[in-house]
Protein chains: 4
Amino acid sequence: MTAPRADARRNREVVLRTAAEVFAEDGLEVSLSRIARRAGVGAGTVYRHFPSKEILVEAVLADHIERMVVAADRWATQAAPGEALFGFLVEVIEKFAGRQAFCDALTADRGWPHATLGAAVQRFHEALDRLLAKAKQAGAIRPDVHADDLAALTVGGAALRAAHRNRARGSRVLRMLLDGLRVTETTLRDSPEASRHETCVECGTRLSVHLTGRPARYCGPTCRQRARRRRVDPSRAG
Amino acid sequence: MTAPRADARRNREVVLRTAAEVFAEDGLEVSLSRIARRAGVGAGTVYRHFPSKEILVEAVLADHIERMVVAADRWATQAAPGEALFGFLVEVIEKFAGRQAFCDALTADRGWPHATLGAAVQRFHEALDRLLAKAKQAGAIRPDVHADDLAALTVGGAALRAAHRNRARGSRVLRMLLDGLRVTETTLRDSPEASRHETCVECGTRLSVHLTGRPARYCGPTCRQRARRRRVDPSRAG
Amino acid sequence: MTAPRADARRNREVVLRTAAEVFAEDGLEVSLSRIARRAGVGAGTVYRHFPSKEILVEAVLADHIERMVVAADRWATQAAPGEALFGFLVEVIEKFAGRQAFCDALTADRGWPHATLGAAVQRFHEALDRLLAKAKQAGAIRPDVHADDLAALTVGGAALRAAHRNRARGSRVLRMLLDGLRVTETTLRDSPEASRHETCVECGTRLSVHLTGRPARYCGPTCRQRARRRRVDPSRAG
Amino acid sequence: MTAPRADARRNREVVLRTAAEVFAEDGLEVSLSRIARRAGVGAGTVYRHFPSKEILVEAVLADHIERMVVAADRWATQAAPGEALFGFLVEVIEKFAGRQAFCDALTADRGWPHATLGAAVQRFHEALDRLLAKAKQAGAIRPDVHADDLAALTVGGAALRAAHRNRARGSRVLRMLLDGLRVTETTLRDSPEASRHETCVECGTRLSVHLTGRPARYCGPTCRQRARRRRVDPSRAG
DNA sequence: CATGAATGAGCCTTCATTCAT
DNA sequence: GATGAATGAAGGCTCATTCAT
């Protein structure tokens with residue numbers, strides 16, 4: 001009863017790992033038979049563990065995202081808050097550079113019919129949020145940055161890295177961009193912590209200044225509501 | 001001689017426009033028959049104008065890139081150098097956000113067998129280069145930025161914009177990143193124009209400081225050679 | 001009323017000639033548009049003169065076969081009976097070598113839905129028959145050879161010529177074969193003119209010898225009937 | 001390891017046999033789906049065994065040619081040299097009559113991209129050569145006949161048989177032709193074994209007679225060289 | 001009448017999925 | 001459980017034929 005389990009589990013691992021390799025090399029379009037052949041198993045075996053190609057794809061993506069969650073926790077315990085956040089972002093970007101499908105998974109709201117991937121993405125966002133909160137507390141990052149911003153930045157960074165023909169310069173540009181998120185005198189003055197905001201805390205639109213009354217934080221009810229929704233149910237965000 | 005041409009040319013336009021829409025919506029994988037159906041023509045008509053799917057894809061991509069070239073020239077004549085460059089970058093990013101395939105085309109060196117697309121990309125890079133040169137002359141951007149950096153930034157920016165669930169915040173993050181390229185006191189001090197560099201002008205690696213001798217500009221022979229190649233033959237870049 | 005006729009007729013000729021060339025070069029499978037393009041006309045013009053590809057094919061084949069009929073008549077008037085027949089056979093074989101479709105037409109009973117080709121083939125057989133009759137009268141060919149035999153020999157000869165890698169040797173083999181049809185002492189003894197036959201005049205099966213009664217000419221009622229049919233209606237032959 | 005093989009091998013056989021039938025009936029142009037339907041399998045199954053239509057075609061042709069090689073060896077061991085050769089020729093002709101494509105394969109030098117067919121044709125020629133050599137030794141056939149002549153004769157014979165509406169008469173004509181290859185007093189006088197040749201041994205052109213010097217065997221250096229090439233490398237022949 | 005663009009059925013081929021072995 | 005053969009629905013592409021210009 002336990003003996004065959006070991007075999008099966010190992011097969012599952014092999015298929016998963018092989019699929020990840022092949023997807024990374026040639027995209028999600030590769031045929032299942034190629035994956036099966038490279039994994040050294042029959043097509044039927046793939047189907048035993050992953051009832052459809054879509055499920056296999058999701059499993060691969062979820063697996064990689066879970067690894068990023070693990071990495072996030074590692075950074076959290078092994079580096080100062082600021083370094084942890086930025087180190088993690090760079091690690092994700094490097095890992096996902098050139099793997100369009102993996103990036104898509106990070107932000108895709110819908111289209112993935114099974115829950116596995118959604119849950120992994122959820123955990124990824126939470127881990128990112130934890131790193132971000134600590135970095136903010138430590139004053140290592142602008143306080144008006146959201147976790148969503150970083151998730152999107154991750155995707156953009158990976159695309160940038162993949163697009164730059166010169167790896168070294170790609171890294172340099174990336175560092176320049178990330179440095180823009182660190183606290184500066186200017187950003188401090190603009191941050192939500194300052195008593196009076198010049199731009200909408202939610203979308204950044206410049207606010208008209210009223211000398212009387214409580215200083216405005218949002219450009220209008222739309223952004224106020226949006227920020228409220230996030231506070232109530234962070235998963236819905238947007 | 002002109003009579004049938006009118007019909008045919010209009011059909012060609014319709015197919016091209018429809019293909020662009022469908023590609024943007026569902027990616028390059030959509031079937032030609034779907035494009036044909038949506039364009040209101042038969043499959044054969046698509047093939048009359050574009051002898052293979054690959055050619056159709058390239059035509060769509062090249063068309064969009066050419067439009068960006070036109071936009072670049074428009075910005076060049078209608079705005080101050082700094083605004084022209086940044087306005088153009090934002091326009092490209094907004095247009096290409098969510099259109100992975102279009103972005104791929106911008107940086108793909110090879111793999112597109114027909115010359116049309118390659119030529120369009122070439123013109124795009126040249127237009128970008130012209131805007132960049134003027135912006136540098138006007139002191140509106142860090143002088144250590146290359147056209148390649150901006151092309152990659154464009155791709156990354158489009159990905160970021162597409163990835164951010166909140167359009168407004170996506171724009172804000174983007175603006176933050178682009179602002180990082182503008183000249184600041186710090187960047188001035190780091191620029192190649194300064195007498196002594198702290199980082200490699202080519203790749204940004206921190207340089208060890210030697211108090212004697214001519215101040216180093218590169219981290220080593222690799223980067224020095226790379227910069228030289230670019231000066232000699234800008235098209236090879238990298 | 002007559003002016004456009006001239007144009008049209010010329011176009012018909014051009015298409016017919018071009019089609020013949022292209023069919024000979026690349027087989028019957030070539031697309032009509034290629035023929036039209038090479039003929040310098042539009043596809044519609046081809047269809048004006050030949051309402052379907054099949055009809056065009058038949059027209060080409062019939063045209064070539066008619067030319068052979070003309071050639072047959074030329075040989076009949078310009079050479080001695082024996083030379084006329086053998087010269088004609090060689091000419092047909094040389095012309096049709098390597099043109100499978102043209103050969104098929106010579107013997108195909110059915111499958112060509114329109115009458116044009118059938119009529120041409122009929123005339124070809126008649127012309128062949130006339131040459132054969134004269135040659136027999138002149139004693140230049142074995143008297144037990146039928147027109148059908150020669151038609152089939154023509155097809156086989158063309159195939160042989162096309163199949164032999166060495167043109168000169170191909171011709172030699174062909175000559176050997178044709179010489180087999182000329183009268184020899186042996187064939188004379190076997191001919192129907194001899195009073196007693198050893199083989200069936202129709203199919204060549206050896207006859208059992210009966211010392212009494214009228215000597216048999218056929219191996220049985222089947223062959224007797226077949227010979228009779230040919231005498232009554234030569235076109236049905238077989 | 002052997003279990004599924006049984007099914008698969010049987011399917012392969014069925015497809016091969018069915019394809020042969022259909023090709024024989026309707027030519028090489030028939031669609032694969034028709035073959036699949038008639039074989040009682042799905043289109044994909046055909047592709048599993050024959051990765052492209054071209055490969056299937058070659059497999060069918062090679063299969064039939066190999067059978068002829070087997071038949072040649074059978075004749076060689078079971079009949080006197082002369083009968084073996086002529087019996088074999090008749091068998092090939094009867095089998096290939098009406099199967100244009102099969103005949104084409106026998107003489108096509110190139111155009112078949114995969115080696116299978118070429119190898120089979122090679123073996124066919126070698127088998128034919130062995131039969132021919134023995135027949136010559138036995139004095140059962142004119143000594144100036146080459147294997148190439150017989151290959152071409154085979155093709156021509158098949159075409160003749162297919163073209164003749166009357167099977168029995170077709171056979172008779174064929175026999176007449178083949179008899180032309182047997183040794184006669186006349187041919188003996190013309191053969192290369194005779195001390196003085198009147199025609200070129202290679203191509204049959206009449207030779208001008210020189211009373212002095214060694215009697216010529218070839219009409220010129222071209223034919224002499226050709227004969228020499230054949231002696232050195234029979235596969236290049238031509 | 002000529003033109004050549006439009007049509008759409010059909011072909012070869014691939015591949016996710018099922019199922020007999 | 002594993003295997004890999006079988007299936008059949010698309011997809012890209014061609015081309016005979018029709019029809020607007």
# chains A, B, ... in the order shown; residues from 1 in each chain; ligands from 1
$ interface_residues --of "chain C" --to "chain D" --cutoff "8 Å" --atoms "only C-alpha atoms" --output "PyMOL selection string"
chain C and resi 104+107-108+148-149+151-161+163-166+168-170+172-173+176-178+180-181+202-204+238
$ select_by_dssp --residues "region 2-221 of chain A" --states "helix (DSSP H, G or I)" --output "JSON, numbers by chain"
{"A": [3, 4, 5, 6, 7, 8, 9, 10, 11, 12, 13, 14, 15, 16, 17, 18, 19, 20, 21, 22, 23, 24, 25, 26, 32, 33, 34, 35, 36, 37, 38, 39, 43, 44, 45, 46, 47, 48, 49, 53, 54, 55, 56, 57, 58, 59, 60, 61, 62, 63, 64, 65, 66, 67, 68, 69, 70, 71, 72, 73, 74, 75, 76, 77, 78, 81, 82, 83, 84, 85, 86, 87, 88, 89, 90, 91, 92, 93, 94, 95, 96, 100, 101, 102, 103, 104, 105, 106, 107, 115, 116, 117, 118, 119, 120, 121, 122, 123, 124, 125, 126, 127, 128, 129, 130, 131, 132, 133, 134, 135, 136, 137, 147, 148, 149, 150, 151, 152, 153, 154, 155, 156, 157, 158, 159, 160, 161, 162, 163, 167, 168, 169, 170, 171, 172, 173, 174, 175, 176, 177, 178, 179, 185, 186, 187, 188, 189, 190, 221]}
$ closest_atom_pairs --of "chain F" --to "chain E" --cutoff "9 Å" --atoms "only C-alpha atoms (C1' of nucleotides)" --output "JSON lines"
{"residue": "F:DT3", "atom": "C1'", "partner": "E:DT21", "partner_atom": "C1'", "distance": 8.5}
{"residue": "F:DA5", "atom": "C1'", "partner": "E:DA20", "partner_atom": "C1'", "distance": 8.8}
{"residue": "F:DA6", "atom": "C1'", "partner": "E:DC19", "partner_atom": "C1'", "distance": 8.4}
{"residue": "F:DT7", "atom": "C1'", "partner": "E:DT18", "partner_atom": "C1'", "distance": 7.9}
{"residue": "F:DG11", "atom": "C1'", "partner": "E:DT14", "partner_atom": "C1'", "distance": 8.5}
{"residue": "F:DC13", "atom": "C1'", "partner": "E:DC11", "partner_atom": "C1'", "distance": 8.7}
{"residue": "F:DT14", "atom": "C1'", "partner": "E:DC11", "partner_atom": "C1'", "distance": 8.3}
{"residue": "F:DT17", "atom": "C1'", "partner": "E:DT7", "partner_atom": "C1'", "distance": 8.6}
{"residue": "F:DT18", "atom": "C1'", "partner": "E:DT7", "partner_atom": "C1'", "distance": 7.9}
{"residue": "F:DC19", "atom": "C1'", "partner": "E:DA6", "partner_atom": "C1'", "distance": 8.3}
{"residue": "F:DA20", "atom": "C1'", "partner": "E:DA5", "partner_atom": "C1'", "distance": 8.8}
{"residue": "F:DT21", "atom": "C1'", "partner": "E:DT3", "partner_atom": "C1'", "distance": 8.5}
$ write_last_selection --atoms "N, CA and C atoms (P, O5', C5', C4', C3', O3' and C1' of nucleotides)" --output "PDB file, in the first residue's frame"
ATOM      1  P    DT F   3       6.038   4.087 -17.718  1.00  0.00           P
ATOM      2  O5'  DT F   3       5.389   3.532 -19.036  1.00  0.00           O
ATOM      3  C5'  DT F   3       5.626   2.167 -19.386  1.00  0.00           C
ATOM      4  C4'  DT F   3       4.819   1.819 -20.620  1.00  0.00           C
ATOM      5  C3'  DT F   3       4.976   2.826 -21.773  1.00  0.00           C
ATOM      6  O3'  DT F   3       5.652   2.176 -22.815  1.00  0.00           O
ATOM      7  C1'  DT F   3       2.717   2.157 -21.459  1.00  0.00           C
ATOM      8  P    DA F   5       3.732   2.839 -29.776  1.00  0.00           P
ATOM      9  O5'  DA F   5       2.430   2.316 -30.511  1.00  0.00           O
ATOM     10  C5'  DA F   5       1.756   1.177 -29.997  1.00  0.00           C
ATOM     11  C4'  DA F   5       0.259   1.297 -30.230  1.00  0.00           C
ATOM     12  C3'  DA F   5      -0.134   1.928 -31.559  1.00  0.00           C
ATOM     13  O3'  DA F   5      -1.260   1.234 -32.070  1.00  0.00           O
ATOM     14  C1'  DA F   5      -1.033   3.210 -29.796  1.00  0.00           C
ATOM     15  P    DA F   6      -1.937   1.783 -33.401  1.00  0.00           P
ATOM     16  O5'  DA F   6      -3.179   2.607 -32.853  1.00  0.00           O
ATOM     17  C5'  DA F   6      -4.170   1.916 -32.093  1.00  0.00           C
ATOM     18  C4'  DA F   6      -5.374   2.807 -31.896  1.00  0.00           C
ATOM     19  C3'  DA F   6      -5.858   3.527 -33.162  1.00  0.00           C
ATOM     20  O3'  DA F   6      -7.268   3.380 -33.247  1.00  0.00           O
ATOM     21  C1'  DA F   6      -5.374   5.119 -31.456  1.00  0.00           C
ATOM     22  P    DT F   7      -8.011   4.088 -34.454  1.00  0.00           P
ATOM     23  O5'  DT F   7      -8.502   5.453 -33.816  1.00  0.00           O
ATOM     24  C5'  DT F   7      -9.232   5.420 -32.595  1.00  0.00           C
ATOM     25  C4'  DT F   7      -9.555   6.826 -32.153  1.00  0.00           C
ATOM     26  C3'  DT F   7     -10.112   7.720 -33.277  1.00  0.00           C
ATOM     27  O3'  DT F   7     -11.402   8.153 -32.887  1.00  0.00           O
ATOM     28  C1'  DT F   7      -8.413   8.829 -32.046  1.00  0.00           C
ATOM     29  P    DG F  11      -8.749  25.851 -34.850  1.00  0.00           P
ATOM     30  O5'  DG F  11      -7.344  25.805 -35.583  1.00  0.00           O
ATOM     31  C5'  DG F  11      -6.174  25.370 -34.872  1.00  0.00           C
ATOM     32  C4'  DG F  11      -5.000  25.396 -35.825  1.00  0.00           C
ATOM     33  C3'  DG F  11      -5.100  26.523 -36.851  1.00  0.00           C
ATOM     34  O3'  DG F  11      -3.848  27.177 -37.026  1.00  0.00           O
ATOM     35  C1'  DG F  11      -4.957  24.438 -37.961  1.00  0.00           C
ATOM     36  P    DC F  13       0.606  28.942 -43.093  1.00  0.00           P
ATOM     37  O5'  DC F  13       0.020  28.303 -44.416  1.00  0.00           O
ATOM     38  C5'  DC F  13       0.524  27.038 -44.864  1.00  0.00           C
ATOM     39  C4'  DC F  13      -0.316  26.519 -46.003  1.00  0.00           C
ATOM     40  C3'  DC F  13      -0.500  27.467 -47.193  1.00  0.00           C
ATOM     41  O3'  DC F  13       0.264  26.939 -48.284  1.00  0.00           O
ATOM     42  C1'  DC F  13      -2.497  26.302 -46.645  1.00  0.00           C
ATOM     43  P    DT F  14       0.150  27.626 -49.703  1.00  0.00           P
ATOM     44  O5'  DT F  14      -0.931  26.762 -50.486  1.00  0.00           O
ATOM     45  C5'  DT F  14      -0.782  25.363 -50.498  1.00  0.00           C
ATOM     46  C4'  DT F  14      -1.754  24.750 -51.490  1.00  0.00           C
ATOM     47  C3'  DT F  14      -1.821  25.460 -52.849  1.00  0.00           C
ATOM     48  O3'  DT F  14      -1.922  24.438 -53.834  1.00  0.00           O
ATOM     49  C1'  DT F  14      -3.965  25.438 -51.855  1.00  0.00           C
ATOM     50  P    DT F  17     -13.105  23.373 -61.695  1.00  0.00           P
ATOM     51  O5'  DT F  17     -13.871  24.689 -61.222  1.00  0.00           O
ATOM     52  C5'  DT F  17     -14.680  24.628 -60.047  1.00  0.00           C
ATOM     53  C4'  DT F  17     -15.161  26.009 -59.675  1.00  0.00           C
ATOM     54  C3'  DT F  17     -15.824  26.826 -60.790  1.00  0.00           C
ATOM     55  O3'  DT F  17     -17.152  27.096 -60.371  1.00  0.00           O
ATOM     56  C1'  DT F  17     -14.381  28.164 -59.495  1.00  0.00           C
ATOM     57  P    DT F  18     -18.169  27.832 -61.293  1.00  0.00           P
ATOM     58  O5'  DT F  18     -18.386  29.224 -60.543  1.00  0.00           O
ATOM     59  C5'  DT F  18     -18.640  29.209 -59.152  1.00  0.00           C
ATOM     60  C4'  DT F  18     -18.635  30.619 -58.613  1.00  0.00           C
ATOM     61  C3'  DT F  18     -19.490  31.620 -59.384  1.00  0.00           C
ATOM     62  O3'  DT F  18     -20.129  32.454 -58.430  1.00  0.00           O
ATOM     63  C1'  DT F  18     -17.295  32.433 -59.239  1.00  0.00           C
ATOM     64  P    DC F  19     -21.377  33.298 -58.799  1.00  0.00           P
ATOM     65  O5'  DC F  19     -20.787  34.776 -58.693  1.00  0.00           O
ATOM     66  C5'  DC F  19     -19.911  35.073 -57.612  1.00  0.00           C
ATOM     67  C4'  DC F  19     -19.354  36.484 -57.784  1.00  0.00           C
ATOM     68  C3'  DC F  19     -20.233  37.428 -58.617  1.00  0.00           C
ATOM     69  O3'  DC F  19     -20.084  38.727 -58.097  1.00  0.00           O
ATOM     70  C1'  DC F  19     -18.139  37.271 -59.613  1.00  0.00           C
ATOM     71  P    DA F  20     -21.350  39.662 -58.000  1.00  0.00           P
ATOM     72  O5'  DA F  20     -20.707  41.058 -57.598  1.00  0.00           O
ATOM     73  C5'  DA F  20     -19.844  41.109 -56.467  1.00  0.00           C
ATOM     74  C4'  DA F  20     -18.637  41.992 -56.749  1.00  0.00           C
ATOM     75  C3'  DA F  20     -18.978  43.396 -57.250  1.00  0.00           C
ATOM     76  O3'  DA F  20     -18.045  44.302 -56.681  1.00  0.00           O
ATOM     77  C1'  DA F  20     -17.638  42.300 -58.856  1.00  0.00           C
ATOM     78  P    DT F  21     -18.259  45.823 -56.774  1.00  0.00           P
ATOM     79  O5'  DT F  21     -17.249  46.224 -57.921  1.00  0.00           O
ATOM     80  C5'  DT F  21     -15.847  46.067 -57.674  1.00  0.00           C
ATOM     81  C4'  DT F  21     -15.086  46.262 -58.960  1.00  0.00           C
ATOM     82  C3'  DT F  21     -15.408  47.563 -59.705  1.00  0.00           C
ATOM     83  O3'  DT F  21     -14.325  48.473 -59.525  1.00  0.00           O
ATOM     84  C1'  DT F  21     -15.110  45.687 -61.165  1.00  0.00           C
TER      85       DT F  21
END
$ atom_distance --atom1 "CA of Leu32 (chain B)" --atom2 "CA of Ala59 (chain B)"
14.1 Å
$ residues_around --residues "region 62-64 of chain C" --least-positions-apart "6" --cutoff "9 Å" --atoms "only C-alpha atoms (C1' of nucleotides)" --output "PyMOL selection string"
chain C and resi 16+20+102+105+116-121
$ closest_atom_pairs --of "chain D" --to "chain F" --cutoff "10 Å" --atoms "only C-alpha atoms (C1' of nucleotides)" --output "CSV"
residue,atom,partner,partner_atom,distance
D:Met1,CA,F:DT3,C1',9.0
D:Pro4,CA,F:DA5,C1',7.6
D:Arg5,CA,F:DA5,C1',8.9
D:Asp7,CA,F:DA5,C1',8.2
D:Ala8,CA,F:DA5,C1',6.6
D:Asn11,CA,F:DA5,C1',9.6
D:Val41,CA,F:DA6,C1',7.8
D:Gly42,CA,F:DT7,C1',5.8
D:Ala43,CA,F:DG8,C1',7.7
D:Gly44,CA,F:DT7,C1',6.8
D:Thr45,CA,F:DA6,C1',6.0
D:Val46,CA,F:DA6,C1',9.7
D:Arg48,CA,F:DA5,C1',8.1
D:His49,CA,F:DA5,C1',9.9
$ interface_residues --of "chain A" --to "chain E" --cutoff "9 Å" --atoms "only C-alpha atoms (C1' of nucleotides)" --output "count of residues only"
6
$ residues_around --residues "region 71-75 of chain B" --least-positions-apart "6" --cutoff "8 Å" --atoms "only C-alpha atoms (C1' of nucleotides)" --output "compact mmCIF listing (two decimals) with C-alpha atoms, in the first residue's frame"
# COMPACT_ATOMS: atom_id res chain seq x y z
CA ALA B 84 9.66 64.57 -26.39
CA LEU B 85 11.66 61.58 -25.16
CA GLY B 87 6.32 61.57 -23.79
CA PHE B 88 7.29 59.13 -26.51
CA ALA B 127 14.14 57.20 -34.03
CA LEU B 128 14.62 56.39 -30.38
CA LEU B 131 15.18 61.51 -29.38
$ decode --residues "region 50-69 of chain A" --atoms "N, CA and C atoms" --output "PDB file, in the first residue's frame"
ATOM      1  N   PHE A  50      -1.557  14.347 -13.795  1.00  0.00           N
ATOM      2  CA  PHE A  50      -2.110  15.658 -14.145  1.00  0.00           C
ATOM      3  C   PHE A  50      -3.184  15.439 -15.203  1.00  0.00           C
ATOM      4  N   PRO A  51      -4.438  15.457 -14.773  1.00  0.00           N
ATOM      5  CA  PRO A  51      -5.528  15.017 -15.653  1.00  0.00           C
ATOM      6  C   PRO A  51      -5.685  15.815 -16.935  1.00  0.00           C
ATOM      7  N   SER A  52      -5.040  16.960 -17.037  1.00  0.00           N
ATOM      8  CA  SER A  52      -5.093  17.681 -18.308  1.00  0.00           C
ATOM      9  C   SER A  52      -3.836  18.522 -18.425  1.00  0.00           C
ATOM     10  N   LYS A  53      -3.559  18.959 -19.601  1.00  0.00           N
ATOM     11  CA  LYS A  53      -2.355  19.756 -19.794  1.00  0.00           C
ATOM     12  C   LYS A  53      -2.448  21.041 -18.977  1.00  0.00           C
ATOM     13  N   GLU A  54      -3.633  21.603 -18.957  1.00  0.00           N
ATOM     14  CA  GLU A  54      -3.823  22.850 -18.222  1.00  0.00           C
ATOM     15  C   GLU A  54      -3.443  22.654 -16.753  1.00  0.00           C
ATOM     16  N   ILE A  55      -3.859  21.540 -16.206  1.00  0.00           N
ATOM     17  CA  ILE A  55      -3.558  21.281 -14.803  1.00  0.00           C
ATOM     18  C   ILE A  55      -2.056  21.122 -14.597  1.00  0.00           C
ATOM     19  N   LEU A  56      -1.410  20.481 -15.558  1.00  0.00           N
ATOM     20  CA  LEU A  56       0.038  20.349 -15.449  1.00  0.00           C
ATOM     21  C   LEU A  56       0.703  21.721 -15.479  1.00  0.00           C
ATOM     22  N   VAL A  57       0.241  22.540 -16.396  1.00  0.00           N
ATOM     23  CA  VAL A  57       0.804  23.888 -16.491  1.00  0.00           C
ATOM     24  C   VAL A  57       0.629  24.617 -15.162  1.00  0.00           C
ATOM     25  N   GLU A  58      -0.568  24.567 -14.643  1.00  0.00           N
ATOM     26  CA  GLU A  58      -0.820  25.246 -13.373  1.00  0.00           C
ATOM     27  C   GLU A  58       0.079  24.693 -12.272  1.00  0.00           C
ATOM     28  N   ALA A  59       0.238  23.396 -12.273  1.00  0.00           N
ATOM     29  CA  ALA A  59       1.061  22.790 -11.229  1.00  0.00           C
ATOM     30  C   ALA A  59       2.492  23.299 -11.322  1.00  0.00           C
ATOM     31  N   VAL A  60       3.000  23.391 -12.546  1.00  0.00           N
ATOM     32  CA  VAL A  60       4.365  23.882 -12.724  1.00  0.00           C
ATOM     33  C   VAL A  60       4.463  25.323 -12.234  1.00  0.00           C
ATOM     34  N   LEU A  61       3.517  26.126 -12.670  1.00  0.00           N
ATOM     35  CA  LEU A  61       3.549  27.533 -12.271  1.00  0.00           C
ATOM     36  C   LEU A  61       3.427  27.650 -10.754  1.00  0.00           C
ATOM     37  N   ALA A  62       2.469  26.952 -10.192  1.00  0.00           N
ATOM     38  CA  ALA A  62       2.263  27.042  -8.752  1.00  0.00           C
ATOM     39  C   ALA A  62       3.518  26.605  -8.012  1.00  0.00           C
ATOM     40  N   ASP A  63       4.146  25.555  -8.521  1.00  0.00           N
ATOM     41  CA  ASP A  63       5.367  25.070  -7.885  1.00  0.00           C
ATOM     42  C   ASP A  63       6.428  26.165  -7.842  1.00  0.00           C
ATOM     43  N   HIS A  64       6.598  26.820  -8.975  1.00  0.00           N
ATOM     44  CA  HIS A  64       7.622  27.862  -9.019  1.00  0.00           C
ATOM     45  C   HIS A  64       7.258  29.033  -8.128  1.00  0.00           C
ATOM     46  N   ILE A  65       5.993  29.349  -8.069  1.00  0.00           N
ATOM     47  CA  ILE A  65       5.593  30.487  -7.238  1.00  0.00           C
ATOM     48  C   ILE A  65       5.764  30.133  -5.761  1.00  0.00           C
ATOM     49  N   GLU A  66       5.462  28.885  -5.432  1.00  0.00           N
ATOM     50  CA  GLU A  66       5.662  28.464  -4.044  1.00  0.00           C
ATOM     51  C   GLU A  66       7.145  28.588  -3.664  1.00  0.00           C
ATOM     52  N   ARG A  67       8.001  28.254  -4.618  1.00  0.00           N
ATOM     53  CA  ARG A  67       9.425  28.390  -4.315  1.00  0.00           C
ATOM     54  C   ARG A  67       9.779  29.846  -4.019  1.00  0.00           C
ATOM     55  N   MET A  68       9.111  30.729  -4.723  1.00  0.00           N
ATOM     56  CA  MET A  68       9.373  32.148  -4.461  1.00  0.00           C
ATOM     57  C   MET A  68       8.872  32.532  -3.064  1.00  0.00           C
ATOM     58  N   VAL A  69       7.777  31.902  -2.661  1.00  0.00           N
ATOM     59  CA  VAL A  69       7.277  32.171  -1.312  1.00  0.00           C
ATOM     60  C   VAL A  69       8.317  31.726  -0.289  1.00  0.00           C
TER      61      VAL A  69
END
